[in-house]
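> Supplied in structure tokens, the structure appears directly below.
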Amino acid sequence: GLSLFPNDTICIMRNIAECAGPCLISSGRGGFTNVELARQAKTDYYMQNRAGFIAQLIREINLFERLCIKQDVECHIRLNVISDIRWELEQNGAIPQKFPNINFFDYTKIAKRLGKTPNNYKLMFSYSTAPAYQKQVQMALKTTVPMSVVFYGPMPDTFLGKKVVNGDNSDIENLQHTNAVIGLKYKIAKGKSIKPEDSVFIVNTNLITLREVA
């Protein structure tokens with residue numbers, strides 16, 4: 001996985017989807033200053049010398065692919081752990097196209113990317129209830145790309161007209177589902193006090209009387 005420090009260029013939907021504030025940048029190891037500085041340094045490198053960044057990224061992916069072949073394991077790479085760069089575009093190196101035998105996967109909030117990536121680059125759309133983001137949600141619903149939704153309370157059977165499947169086991173497995181909502185149970189992180197009603201990313205099913213959400 002490639003973890004950068006997000007900004008308005010590498011996460012162009014973060015203000016529309018209202019995810020800049022509750023971003024996962026500080027989750028897990030992101031809470032350590034040295035990790036934050038390293039991510040910021042990588043973002044600065046990408047912003048100031050994109051050609052150099054891409055050249056180094058290609059070198060490192062080549063080495064990782066060789067390692068996977070040597071160890072006889074499938075190669076999976078997530079380039080947007082905390083960003084939303086369109087790596088399939090030539091201006092960003094067309095990375096998946098250069099490595100057809102590697103499985104790339106990412107979450108995205110850019111609906112126009114859906115269905116337009118190479119076969120070895122699978123995307124999952126990330127849901128938000130932010131009002132300005134609903135155009136993106138509607139565009140995503142017209143595709144068969146899986147959509148991740150965080151639920152607080154009982155997991156519904158359907159959401160937004162699509163079947164809900166339990167997505168807490170594996171991102172790689174989740175990407176195999178088509179025309180489905182990938183349900184993720186809201187988990188209270190240690191030291192965090194985000195209330196479900198305060199986040200645009202959490203759907204509180206305790207406020208819904210039916211198991212089916214239209």
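Chain labels run A, B, ... following the order of the structure tokens; each chain numbers its residues from 1, and ligands are numbered from 1 in the order shown.
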Region 2-72 of chain A near region 91-95 of chain A within 8 Å: what's each residue's closest atom pair and its distance in Å to one decimal, counting only C-alpha atoms, ordered by chain then ascending residue number, as a tab-separated table?


residue	atom	partner	partner_atom	distance
A:Arg50	CA	A:Asn92	CA	7.8
A:Ile54	CA	A:Gly93	CA	6.2
A:Ile58	CA	A:Ile95	CA	7.5

> Identify, on the basis of only C-alpha atoms, every residue whose closest approach to Phe5 (chain A) does not exceed 10 Å; exclude the query and any residue fewer than 6 positions from it along the same chain; express the result as a CSV table (one decimal) with N, CA and C atoms, in the first residue's frame.


chain,number,residue,atom,x,y,z
A,11,CYS,N,-6.8,14.4,-3.3
A,11,CYS,CA,-8.1,14.0,-2.9
A,11,CYS,C,-9.2,15.0,-3.3
A,25,ILE,N,-6.4,9.7,8.1
A,25,ILE,CA,-5.0,10.0,8.1
A,25,ILE,C,-4.3,9.7,9.5
A,26,SER,N,-5.1,10.0,10.6
A,26,SER,CA,-4.5,9.8,11.9
A,26,SER,C,-4.8,8.5,12.5
A,30,GLY,N,-0.8,6.2,11.6
A,30,GLY,CA,-0.9,7.6,11.2
A,30,GLY,C,-0.8,8.5,12.4
A,35,VAL,N,5.5,8.9,11.1
A,35,VAL,CA,4.7,8.4,10.0
A,35,VAL,C,4.0,9.5,9.2
A,36,GLU,N,3.5,10.5,10.0
A,36,GLU,CA,2.8,11.6,9.4
A,36,GLU,C,3.8,12.4,8.5
A,37,LEU,N,5.1,12.6,9.0
A,37,LEU,CA,6.1,13.4,8.3
A,37,LEU,C,6.5,12.6,7.0
A,38,ALA,N,6.6,11.3,7.1
A,38,ALA,CA,7.0,10.5,6.0
A,38,ALA,C,5.9,10.6,4.9
A,39,ARG,N,4.6,10.5,5.3
A,39,ARG,CA,3.6,10.6,4.3
A,39,ARG,C,3.5,12.0,3.7
A,40,GLN,N,3.8,13.0,4.5
A,40,GLN,CA,3.8,14.4,3.9
A,40,GLN,C,5.0,14.5,2.9
A,41,ALA,N,6.1,13.9,3.3
A,41,ALA,CA,7.3,14.0,2.4
A,41,ALA,C,7.0,13.3,1.0
A,42,LYS,N,6.3,12.2,1.1
A,42,LYS,CA,5.9,11.5,-0.2
A,42,LYS,C,5.0,12.4,-1.0
A,43,THR,N,4.0,13.0,-0.3
A,43,THR,CA,3.1,13.9,-1.0
A,43,THR,C,3.8,15.1,-1.7
A,44,ASP,N,4.7,15.7,-0.9
A,44,ASP,CA,5.5,16.8,-1.4
A,44,ASP,C,6.3,16.4,-2.7
A,81,VAL,N,-4.1,4.4,-0.4
A,81,VAL,CA,-4.6,4.1,0.9
A,81,VAL,C,-5.3,5.2,1.6
A,82,ILE,N,-4.8,6.4,1.4
A,82,ILE,CA,-5.4,7.6,2.0
A,82,ILE,C,-5.4,8.8,1.0
A,83,SER,N,-5.5,8.4,-0.3
A,83,SER,CA,-5.6,9.4,-1.4
A,83,SER,C,-6.6,8.9,-2.4

> Could you pull out the alpha helix (DSSP H) residues of region 78-193 of chain A from DSSP and send them as an NGL selection string?

:A and (95-98 or 134-141 or 171-174)

> Based on DSSP run over this structure's backbone, return all residues of region 60-123 of chain A in strand (DSSP E or B), as a ChimeraX atom specification.

/A:76-77,103-108,121-123

> Counting only C-alpha atoms, give me one row per residue of region 59-122 of chain A with an atom at most 10 Å from an atom of region 147-162 of chain A, showing the shortest contact pair and its distance in Å to one decimal, sorted by chain then residue number, as CSV.


residue,atom,partner,partner_atom,distance
A:Tyr107,CA,A:Ser148,CA,8.4
A:Thr108,CA,A:Met147,CA,9.5
A:Lys109,CA,A:Met147,CA,9.9

> For the atom pair CA of Ser3 (chain A) and CA of Asn15 (chain A), what is the interatomic distance in Å to one decimal place?

19.3 Å

> Rank nothing, just name the residue among A:Pro96, A:Ile16, A:Leu207, A:Glu173 nearest to Ile110 (chain A), using only C-alpha atoms.

A:Ile16

> Enter the distance from CA of Val73 (chain A) to CA of Tyr46 (chain A), in Å, rounded to one decimal.

29.5 Å
